[in-house]
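Undergrad: Sharing a structure, written as structure tokens. Questions coming.
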Amino acid sequence: MSTQLSDREKGFEAEFKRDKKHVQVGSTRNRLLGLWLLEKPGLPTTEHEEYAKDVALADQQKQRVEDIMRKVMKDTSDRSAKVSKADVRQKLTELRATACEQVTAE
């Protein structure tokens with residue numbers, strides 16, 4: 001019986017670690033996206049880290065890319081920055097790999 005509980009605990013711990021890493025990778029990717037967007041003309045050059053955090057937090061509740069897309073496209077549109085949805089989606093894909101490397105290295 002105690003072996004079964006121990007195995008179950010180990011399973012829950014492994015699942016928790018996977019979930020935690022998934023959230024960390026997503027958050028890191030989104031922060032990197034925010035920093036990338038700040039390089040685009042028309043977007044604010046002050047408060048870089050604060051904006052990057054805002055982008056990172058945009059999908060914290062449901063972990064959906066569409067939440068990030070909605071925020072980013074509204075921000076770029078409001079500031080007349082020339083960034084397409086395709087550019088943002090491509091960058092999200094690229095940054096996911098970078099974020100995964102960063103989180104794994106920690």
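Chain lettering (A, B, ...) mirrors the order of the structure tokens, residue numbering begins at 1 for each chain separately, and ligand numbering begins at 1 in order of display.
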Skip Arg31 (chain A) itself and residues of its chain fewer than 5 positions away, then list as a list in words all residues within 9 Å of it, counting only C-alpha atoms.
TA: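 Listed by chain and then number, they are Gly26, Trp36, Glu49, Tyr51, Ala52, Lys53, Asp54, Val55, Ala56 and Leu57 of chain A.
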Undergrad: Would you pick out the contacts of region 84-87 of chain A at 10 Å or less, using only C-alpha atoms, so that residues sharing its chain but fewer than 2 positions from it are not included, and give the list as a PDB file with N, CA, C and O atoms, in the first residue's frame?
TA:
ATOM      1  N   MET A  69      -2.125  37.351 -28.616  1.00  0.00           N
ATOM      2  CA  MET A  69      -2.336  37.965 -29.933  1.00  0.00           C
ATOM      3  C   MET A  69      -3.269  39.176 -29.829  1.00  0.00           C
ATOM      4  O   MET A  69      -3.005  40.221 -30.414  1.00  0.00           O
ATOM      5  N   ARG A  70      -4.345  39.022 -29.084  1.00  0.00           N
ATOM      6  CA  ARG A  70      -5.304  40.117 -28.928  1.00  0.00           C
ATOM      7  C   ARG A  70      -4.624  41.344 -28.316  1.00  0.00           C
ATOM      8  O   ARG A  70      -4.751  42.458 -28.811  1.00  0.00           O
ATOM      9  N   VAL A  72      -1.324  42.096 -28.092  1.00  0.00           N
ATOM     10  CA  VAL A  72      -0.242  42.610 -28.932  1.00  0.00           C
ATOM     11  C   VAL A  72      -0.792  43.351 -30.150  1.00  0.00           C
ATOM     12  O   VAL A  72      -0.318  44.442 -30.489  1.00  0.00           O
ATOM     13  N   MET A  73      -1.776  42.791 -30.815  1.00  0.00           N
ATOM     14  CA  MET A  73      -2.316  43.436 -32.010  1.00  0.00           C
ATOM     15  C   MET A  73      -3.033  44.746 -31.650  1.00  0.00           C
ATOM     16  O   MET A  73      -2.962  45.710 -32.388  1.00  0.00           O
ATOM     17  N   THR A  76      -0.166  47.296 -30.898  1.00  0.00           N
ATOM     18  CA  THR A  76       0.519  47.754 -32.111  1.00  0.00           C
ATOM     19  C   THR A  76      -0.405  48.618 -32.961  1.00  0.00           C
ATOM     20  O   THR A  76       0.032  49.612 -33.532  1.00  0.00           O
ATOM     21  N   SER A  77      -1.672  48.268 -33.007  1.00  0.00           N
ATOM     22  CA  SER A  77      -2.641  49.060 -33.770  1.00  0.00           C
ATOM     23  C   SER A  77      -2.826  50.437 -33.149  1.00  0.00           C
ATOM     24  O   SER A  77      -2.859  51.449 -33.861  1.00  0.00           O
ATOM     25  N   ALA A  81       2.007  50.860 -35.184  1.00  0.00           N
ATOM     26  CA  ALA A  81       3.231  50.105 -35.472  1.00  0.00           C
ATOM     27  C   ALA A  81       2.921  49.093 -36.572  1.00  0.00           C
ATOM     28  O   ALA A  81       1.834  48.530 -36.628  1.00  0.00           O
ATOM     29  N   LYS A  82       3.867  48.869 -37.430  1.00  0.00           N
ATOM     30  CA  LYS A  82       3.689  47.959 -38.566  1.00  0.00           C
ATOM     31  C   LYS A  82       4.138  46.550 -38.177  1.00  0.00           C
ATOM     32  O   LYS A  82       5.274  46.156 -38.408  1.00  0.00           O
ATOM     33  N   ARG A  89       2.993  35.647 -34.801  1.00  0.00           N
ATOM     34  CA  ARG A  89       2.878  34.190 -34.633  1.00  0.00           C
ATOM     35  C   ARG A  89       4.222  33.501 -34.912  1.00  0.00           C
ATOM     36  O   ARG A  89       4.621  32.592 -34.191  1.00  0.00           O
ATOM     37  N   GLN A  90       4.917  33.951 -35.952  1.00  0.00           N
ATOM     38  CA  GLN A  90       6.220  33.378 -36.268  1.00  0.00           C
ATOM     39  C   GLN A  90       7.206  33.637 -35.129  1.00  0.00           C
ATOM     40  O   GLN A  90       7.952  32.756 -34.717  1.00  0.00           O
ATOM     41  N   LYS A  91       7.176  34.856 -34.608  1.00  0.00           N
ATOM     42  CA  LYS A  91       8.084  35.203 -33.522  1.00  0.00           C
ATOM     43  C   LYS A  91       7.762  34.395 -32.263  1.00  0.00           C
ATOM     44  O   LYS A  91       8.668  33.965 -31.543  1.00  0.00           O
ATOM     45  N   LEU A  92       6.480  34.167 -31.989  1.00  0.00           N
ATOM     46  CA  LEU A  92       6.086  33.349 -30.840  1.00  0.00           C
ATOM     47  C   LEU A  92       6.678  31.941 -30.955  1.00  0.00           C
ATOM     48  O   LEU A  92       7.168  31.379 -29.972  1.00  0.00           O
TER      49      LEU A  92
END
Undergrad: Got a sec to tell me which of region 9-103 of chain A DSSP assigns to alpha helix (DSSP H), as an mmCIF file with N, CA, C and O atoms, in the first residue's frame?
TA:
data_model
loop_
_atom_site.group_PDB
_atom_site.id
_atom_site.type_symbol
_atom_site.label_atom_id
_atom_site.label_comp_id
_atom_site.auth_asym_id
_atom_site.auth_seq_id
_atom_site.Cartn_x
_atom_site.Cartn_y
_atom_site.Cartn_z
ATOM 1 N N GLU A 9 2.571 9.635 -5.425
ATOM 2 C CA GLU A 9 3.199 10.919 -5.080
ATOM 3 C C GLU A 9 4.244 11.306 -6.119
ATOM 4 O O GLU A 9 4.312 12.454 -6.545
ATOM 5 N N LYS A 10 5.057 10.353 -6.506
ATOM 6 C CA LYS A 10 6.086 10.618 -7.521
ATOM 7 C C LYS A 10 5.448 11.047 -8.834
ATOM 8 O O LYS A 10 5.954 11.933 -9.524
ATOM 9 N N GLY A 11 4.349 10.416 -9.175
ATOM 10 C CA GLY A 11 3.628 10.789 -10.397
ATOM 11 C C GLY A 11 3.099 12.212 -10.335
ATOM 12 O O GLY A 11 3.218 12.969 -11.305
ATOM 13 N N PHE A 12 2.519 12.583 -9.184
ATOM 14 C CA PHE A 12 2.014 13.947 -9.014
ATOM 15 C C PHE A 12 3.144 14.968 -9.045
ATOM 16 O O PHE A 12 3.009 16.042 -9.624
ATOM 17 N N GLU A 13 4.277 14.622 -8.426
ATOM 18 C CA GLU A 13 5.426 15.533 -8.431
ATOM 19 C C GLU A 13 5.941 15.747 -9.853
ATOM 20 O O GLU A 13 6.242 16.875 -10.244
ATOM 21 N N ALA A 14 6.023 14.675 -10.619
ATOM 22 C CA ALA A 14 6.490 14.784 -12.004
ATOM 23 C C ALA A 14 5.530 15.639 -12.834
ATOM 24 O O ALA A 14 5.960 16.483 -13.622
ATOM 25 N N GLU A 15 4.239 15.436 -12.631
ATOM 26 C CA GLU A 15 3.236 16.227 -13.357
ATOM 27 C C GLU A 15 3.327 17.701 -12.966
ATOM 28 O O GLU A 15 3.256 18.580 -13.828
ATOM 29 N N PHE A 16 3.507 17.965 -11.677
ATOM 30 C CA PHE A 16 3.635 19.335 -11.197
ATOM 31 C C PHE A 16 4.849 20.010 -11.828
ATOM 32 O O PHE A 16 4.783 21.155 -12.278
ATOM 33 N N LYS A 17 5.974 19.306 -11.879
ATOM 34 C CA LYS A 17 7.190 19.865 -12.476
ATOM 35 C C LYS A 17 6.988 20.171 -13.956
ATOM 36 O O LYS A 17 7.441 21.206 -14.451
ATOM 37 N N ARG A 18 6.314 19.282 -14.691
ATOM 38 C CA ARG A 18 6.028 19.517 -16.120
ATOM 39 C C ARG A 18 5.147 20.749 -16.291
ATOM 40 O O ARG A 18 5.399 21.593 -17.150
ATOM 41 N N ASP A 19 4.090 20.834 -15.484
ATOM 42 C CA ASP A 19 3.176 21.973 -15.570
ATOM 43 C C ASP A 19 3.893 23.280 -15.243
ATOM 44 O O ASP A 19 3.698 24.286 -15.915
ATOM 45 N N LYS A 20 4.713 23.242 -14.206
ATOM 46 C CA LYS A 20 5.455 24.436 -13.800
ATOM 47 C C LYS A 20 6.389 24.883 -14.916
ATOM 48 O O LYS A 20 6.463 26.069 -15.237
ATOM 49 N N LYS A 21 7.084 23.932 -15.531
ATOM 50 C CA LYS A 21 7.991 24.266 -16.631
ATOM 51 C C LYS A 21 7.209 24.842 -17.807
ATOM 52 O O LYS A 21 7.633 25.819 -18.421
ATOM 53 N N HIS A 22 6.050 24.265 -18.105
ATOM 54 C CA HIS A 22 5.219 24.761 -19.208
ATOM 55 C C HIS A 22 4.827 26.222 -18.968
ATOM 56 O O HIS A 22 4.906 27.052 -19.879
ATOM 57 N N VAL A 23 4.430 26.534 -17.756
ATOM 58 C CA VAL A 23 4.041 27.908 -17.414
ATOM 59 C C VAL A 23 5.249 28.837 -17.497
ATOM 60 O O VAL A 23 5.168 29.945 -18.034
ATOM 61 N N GLN A 24 6.394 28.386 -16.996
ATOM 62 C CA GLN A 24 7.607 29.208 -17.041
ATOM 63 C C GLN A 24 8.038 29.481 -18.477
ATOM 64 O O GLN A 24 8.426 30.600 -18.812
ATOM 65 N N VAL A 25 7.981 28.471 -19.331
ATOM 66 C CA VAL A 25 8.359 28.647 -20.735
ATOM 67 C C VAL A 25 7.414 29.644 -21.398
ATOM 68 O O VAL A 25 7.853 30.555 -22.111
ATOM 69 N N GLY A 26 6.114 29.498 -21.169
ATOM 70 C CA GLY A 26 5.143 30.419 -21.757
ATOM 71 C C GLY A 26 5.349 31.846 -21.292
ATOM 72 O O GLY A 26 5.328 32.790 -22.090
ATOM 73 N N SER A 27 5.570 32.016 -20.024
ATOM 74 C CA SER A 27 5.784 33.348 -19.475
ATOM 75 C C SER A 27 7.075 33.977 -20.020
ATOM 76 O O SER A 27 7.095 35.153 -20.392
ATOM 77 N N THR A 28 8.129 33.186 -20.085
ATOM 78 C CA THR A 28 9.399 33.687 -20.621
ATOM 79 C C THR A 28 9.250 34.053 -22.093
ATOM 80 O O THR A 28 9.716 35.099 -22.538
ATOM 81 N N ARG A 29 8.581 33.185 -22.862
ATOM 82 C CA ARG A 29 8.352 33.459 -24.280
ATOM 83 C C ARG A 29 7.589 34.773 -24.457
ATOM 84 O O ARG A 29 7.948 35.613 -25.284
ATOM 85 N N ASN A 30 6.569 34.971 -23.656
ATOM 86 C CA ASN A 30 5.754 36.172 -23.786
ATOM 87 C C ASN A 30 6.528 37.435 -23.404
ATOM 88 O O ASN A 30 6.387 38.478 -24.037
ATOM 89 N N ARG A 31 7.374 37.321 -22.388
ATOM 90 C CA ARG A 31 8.208 38.465 -21.994
ATOM 91 C C ARG A 31 9.186 38.804 -23.124
ATOM 92 O O ARG A 31 9.366 39.967 -23.476
ATOM 93 N N LEU A 32 9.773 37.772 -23.723
ATOM 94 C CA LEU A 32 10.688 38.000 -24.849
ATOM 95 C C LEU A 32 9.954 38.631 -26.030
ATOM 96 O O LEU A 32 10.506 39.485 -26.731
ATOM 97 N N LEU A 33 8.708 38.230 -26.240
ATOM 98 C CA LEU A 33 7.906 38.836 -27.308
ATOM 99 C C LEU A 33 7.691 40.314 -27.030
ATOM 100 O O LEU A 33 7.808 41.148 -27.932
ATOM 101 N N GLY A 34 7.388 40.645 -25.784
ATOM 102 C CA GLY A 34 7.207 42.050 -25.412
ATOM 103 C C GLY A 34 8.456 42.863 -25.688
ATOM 104 O O GLY A 34 8.389 43.978 -26.215
ATOM 105 N N LEU A 35 9.615 42.301 -25.364
ATOM 106 C CA LEU A 35 10.874 43.006 -25.639
ATOM 107 C C LEU A 35 11.117 43.139 -27.139
ATOM 108 O O LEU A 35 11.586 44.174 -27.614
ATOM 109 N N TRP A 36 10.778 42.103 -27.897
ATOM 110 C CA TRP A 36 10.918 42.156 -29.357
ATOM 111 C C TRP A 36 10.024 43.249 -29.944
ATOM 112 O O TRP A 36 10.450 44.010 -30.817
ATOM 113 N N LEU A 37 8.804 43.338 -29.448
ATOM 114 C CA LEU A 37 7.866 44.339 -29.963
ATOM 115 C C LEU A 37 8.365 45.759 -29.705
ATOM 116 O O LEU A 37 8.113 46.658 -30.505
ATOM 117 N N HIS A 48 10.541 49.539 -20.873
ATOM 118 C CA HIS A 48 10.639 48.286 -21.621
ATOM 119 C C HIS A 48 10.238 47.070 -20.800
ATOM 120 O O HIS A 48 9.404 46.272 -21.220
ATOM 121 N N GLU A 49 10.850 46.932 -19.650
ATOM 122 C CA GLU A 49 10.614 45.735 -18.843
ATOM 123 C C GLU A 49 9.162 45.669 -18.362
ATOM 124 O O GLU A 49 8.567 44.602 -18.304
ATOM 125 N N GLU A 50 8.577 46.818 -18.058
ATOM 126 C CA GLU A 50 7.181 46.858 -17.611
ATOM 127 C C GLU A 50 6.239 46.374 -18.719
ATOM 128 O O GLU A 50 5.320 45.602 -18.473
ATOM 129 N N TYR A 51 6.483 46.825 -19.945
ATOM 130 C CA TYR A 51 5.642 46.377 -21.064
ATOM 131 C C TYR A 51 5.836 44.883 -21.299
ATOM 132 O O TYR A 51 4.870 44.153 -21.532
ATOM 133 N N ALA A 52 7.064 44.423 -21.234
ATOM 134 C CA ALA A 52 7.343 43.000 -21.433
ATOM 135 C C ALA A 52 6.595 42.168 -20.389
ATOM 136 O O ALA A 52 6.043 41.108 -20.700
ATOM 137 N N LYS A 53 6.538 42.647 -19.149
ATOM 138 C CA LYS A 53 5.795 41.942 -18.102
ATOM 139 C C LYS A 53 4.299 41.945 -18.403
ATOM 140 O O LYS A 53 3.613 40.945 -18.159
ATOM 141 N N ASP A 54 3.783 43.071 -18.920
ATOM 142 C CA ASP A 54 2.364 43.137 -19.275
ATOM 143 C C ASP A 54 2.014 42.084 -20.321
ATOM 144 O O ASP A 54 0.981 41.427 -20.237
ATOM 145 N N VAL A 55 2.882 41.936 -21.312
ATOM 146 C CA VAL A 55 2.649 40.925 -22.345
ATOM 147 C C VAL A 55 2.727 39.535 -21.719
ATOM 148 O O VAL A 55 1.897 38.679 -21.997
ATOM 149 N N ALA A 56 3.698 39.321 -20.845
ATOM 150 C CA ALA A 56 3.853 38.017 -20.198
ATOM 151 C C ALA A 56 2.627 37.651 -19.377
ATOM 152 O O ALA A 56 2.240 36.483 -19.304
ATOM 153 N N LEU A 57 1.995 38.635 -18.765
ATOM 154 C CA LEU A 57 0.828 38.371 -17.915
ATOM 155 C C LEU A 57 -0.478 38.256 -18.697
ATOM 156 O O LEU A 57 -1.489 37.841 -18.142
ATOM 157 N N VAL A 65 -2.566 31.405 -26.569
ATOM 158 C CA VAL A 65 -1.850 32.300 -27.472
ATOM 159 C C VAL A 65 -2.781 33.403 -27.965
ATOM 160 O O VAL A 65 -2.340 34.537 -28.176
ATOM 161 N N GLU A 66 -4.048 33.101 -28.112
ATOM 162 C CA GLU A 66 -4.978 34.113 -28.624
ATOM 163 C C GLU A 66 -5.087 35.315 -27.689
ATOM 164 O O GLU A 66 -5.314 36.435 -28.138
ATOM 165 N N ASP A 67 -4.936 35.107 -26.393
ATOM 166 C CA ASP A 67 -4.945 36.223 -25.448
ATOM 167 C C ASP A 67 -3.759 37.139 -25.716
ATOM 168 O O ASP A 67 -3.887 38.364 -25.699
ATOM 169 N N ILE A 68 -2.609 36.543 -25.977
ATOM 170 C CA ILE A 68 -1.412 37.323 -26.304
ATOM 171 C C ILE A 68 -1.617 38.055 -27.625
ATOM 172 O O ILE A 68 -1.296 39.240 -27.750
ATOM 173 N N MET A 69 -2.125 37.351 -28.616
ATOM 174 C CA MET A 69 -2.336 37.965 -29.933
ATOM 175 C C MET A 69 -3.269 39.176 -29.829
ATOM 176 O O MET A 69 -3.005 40.221 -30.414
ATOM 177 N N ARG A 70 -4.345 39.022 -29.084
ATOM 178 C CA ARG A 70 -5.304 40.117 -28.928
ATOM 179 C C ARG A 70 -4.624 41.344 -28.316
ATOM 180 O O ARG A 70 -4.751 42.458 -28.811
ATOM 181 N N LYS A 71 -3.867 41.142 -27.251
ATOM 182 C CA LYS A 71 -3.192 42.261 -26.590
ATOM 183 C C LYS A 71 -2.171 42.908 -27.508
ATOM 184 O O LYS A 71 -2.150 44.123 -27.673
ATOM 185 N N VAL A 72 -1.324 42.096 -28.092
ATOM 186 C CA VAL A 72 -0.242 42.610 -28.932
ATOM 187 C C VAL A 72 -0.792 43.351 -30.150
ATOM 188 O O VAL A 72 -0.318 44.442 -30.489
ATOM 189 N N MET A 73 -1.776 42.791 -30.815
ATOM 190 C CA MET A 73 -2.316 43.436 -32.010
ATOM 191 C C MET A 73 -3.033 44.746 -31.650
ATOM 192 O O MET A 73 -2.962 45.710 -32.388
ATOM 193 N N LYS A 74 -3.692 44.792 -30.495
ATOM 194 C CA LYS A 74 -4.328 46.033 -30.064
ATOM 195 C C LYS A 74 -3.264 47.088 -29.769
ATOM 196 O O LYS A 74 -3.380 48.234 -30.199
ATOM 197 N N ASP A 75 -2.220 46.687 -29.038
ATOM 198 C CA ASP A 75 -1.146 47.631 -28.704
ATOM 199 C C ASP A 75 -0.463 48.171 -29.947
ATOM 200 O O ASP A 75 -0.197 49.370 -30.048
ATOM 201 N N THR A 76 -0.166 47.296 -30.898
ATOM 202 C CA THR A 76 0.519 47.754 -32.111
ATOM 203 C C THR A 76 -0.405 48.618 -32.961
ATOM 204 O O THR A 76 0.032 49.612 -33.532
ATOM 205 N N SER A 77 -1.672 48.268 -33.007
ATOM 206 C CA SER A 77 -2.641 49.060 -33.770
ATOM 207 C C SER A 77 -2.826 50.437 -33.149
ATOM 208 O O SER A 77 -2.859 51.449 -33.861
ATOM 209 N N ASP A 78 -2.937 50.488 -31.830
ATOM 210 C CA ASP A 78 -3.116 51.761 -31.127
ATOM 211 C C ASP A 78 -1.951 52.720 -31.380
ATOM 212 O O ASP A 78 -2.112 53.929 -31.339
ATOM 213 N N LYS A 85 -0.012 39.964 -37.896
ATOM 214 C CA LYS A 85 -0.314 38.788 -37.072
ATOM 215 C C LYS A 85 0.645 37.648 -37.416
ATOM 216 O O LYS A 85 1.101 36.929 -36.535
ATOM 217 N N ALA A 86 0.940 37.507 -38.694
ATOM 218 C CA ALA A 86 1.849 36.437 -39.127
ATOM 219 C C ALA A 86 3.238 36.633 -38.522
ATOM 220 O O ALA A 86 3.878 35.665 -38.092
ATOM 221 N N ASP A 87 3.713 37.885 -38.474
ATOM 222 C CA ASP A 87 5.016 38.174 -37.862
ATOM 223 C C ASP A 87 5.023 37.782 -36.389
ATOM 224 O O ASP A 87 5.978 37.181 -35.907
ATOM 225 N N VAL A 88 3.954 38.137 -35.694
ATOM 226 C CA VAL A 88 3.873 37.856 -34.257
ATOM 227 C C VAL A 88 3.806 36.348 -34.021
ATOM 228 O O VAL A 88 4.509 35.815 -33.160
ATOM 229 N N ARG A 89 2.993 35.647 -34.801
ATOM 230 C CA ARG A 89 2.878 34.190 -34.633
ATOM 231 C C ARG A 89 4.222 33.501 -34.912
ATOM 232 O O ARG A 89 4.621 32.592 -34.191
ATOM 233 N N GLN A 90 4.917 33.951 -35.952
ATOM 234 C CA GLN A 90 6.220 33.378 -36.268
ATOM 235 C C GLN A 90 7.206 33.637 -35.129
ATOM 236 O O GLN A 90 7.952 32.756 -34.717
ATOM 237 N N LYS A 91 7.176 34.856 -34.608
ATOM 238 C CA LYS A 91 8.084 35.203 -33.522
ATOM 239 C C LYS A 91 7.762 34.395 -32.263
ATOM 240 O O LYS A 91 8.668 33.965 -31.543
ATOM 241 N N LEU A 92 6.480 34.167 -31.989
ATOM 242 C CA LEU A 92 6.086 33.349 -30.840
ATOM 243 C C LEU A 92 6.678 31.941 -30.955
ATOM 244 O O LEU A 92 7.168 31.379 -29.972
ATOM 245 N N THR A 93 6.651 31.391 -32.149
ATOM 246 C CA THR A 93 7.213 30.061 -32.377
ATOM 247 C C THR A 93 8.719 30.062 -32.129
ATOM 248 O O THR A 93 9.247 29.177 -31.445
ATOM 249 N N GLU A 94 9.404 31.055 -32.667
ATOM 250 C CA GLU A 94 10.853 31.159 -32.482
ATOM 251 C C GLU A 94 11.204 31.342 -30.999
ATOM 252 O O GLU A 94 12.125 30.711 -30.484
ATOM 253 N N LEU A 95 10.452 32.219 -30.342
ATOM 254 C CA LEU A 95 10.759 32.537 -28.947
ATOM 255 C C LEU A 95 10.429 31.396 -27.996
ATOM 256 O O LEU A 95 11.000 31.307 -26.918
ATOM 257 N N ARG A 96 9.519 30.524 -28.388
ATOM 258 C CA ARG A 96 9.202 29.367 -27.540
ATOM 259 C C ARG A 96 10.458 28.503 -27.370
ATOM 260 O O ARG A 96 10.761 28.044 -26.266
ATOM 261 N N ALA A 97 11.179 28.283 -28.461
ATOM 262 C CA ALA A 97 12.411 27.487 -28.386
ATOM 263 C C ALA A 97 13.444 28.188 -27.508
ATOM 264 O O ALA A 97 14.096 27.552 -26.669
ATOM 265 N N THR A 98 13.589 29.495 -27.674
ATOM 266 C CA THR A 98 14.533 30.267 -26.862
ATOM 267 C C THR A 98 14.148 30.196 -25.384
ATOM 268 O O THR A 98 14.999 29.992 -24.518
ATOM 269 N N ALA A 99 12.864 30.367 -25.118
ATOM 270 C CA ALA A 99 12.376 30.334 -23.734
ATOM 271 C C ALA A 99 12.603 28.959 -23.114
ATOM 272 O O ALA A 99 12.991 28.855 -21.943
ATOM 273 N N CYS A 100 12.375 27.920 -23.881
ATOM 274 C CA CYS A 100 12.574 26.559 -23.375
ATOM 275 C C CYS A 100 14.036 26.350 -23.001
ATOM 276 O O CYS A 100 14.342 25.788 -21.938
ATOM 277 N N GLU A 101 14.949 26.835 -23.816
ATOM 278 C CA GLU A 101 16.379 26.740 -23.520
ATOM 279 C C GLU A 101 16.719 27.504 -22.243
ATOM 280 O O GLU A 101 17.474 27.008 -21.400
ATOM 281 N N GLN A 102 16.158 28.710 -22.105
ATOM 282 C CA GLN A 102 16.443 29.528 -20.925
ATOM 283 C C GLN A 102 15.924 28.868 -19.649
ATOM 284 O O GLN A 102 16.621 28.840 -18.627
ATOM 285 N N VAL A 103 14.720 28.361 -19.690
ATOM 286 C CA VAL A 103 14.111 27.752 -18.501
ATOM 287 C C VAL A 103 14.845 26.459 -18.144
ATOM 288 O O VAL A 103 15.099 26.195 -16.957
#
Undergrad: Taking only C-alpha atoms into account, name the residue in A:Glu106, A:Arg64, A:Lys40, A:Arg8 that is nearest to Ser80 (chain A).
TA: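 For Ser80 (chain A), the nearest of the given residues is A:Lys40.
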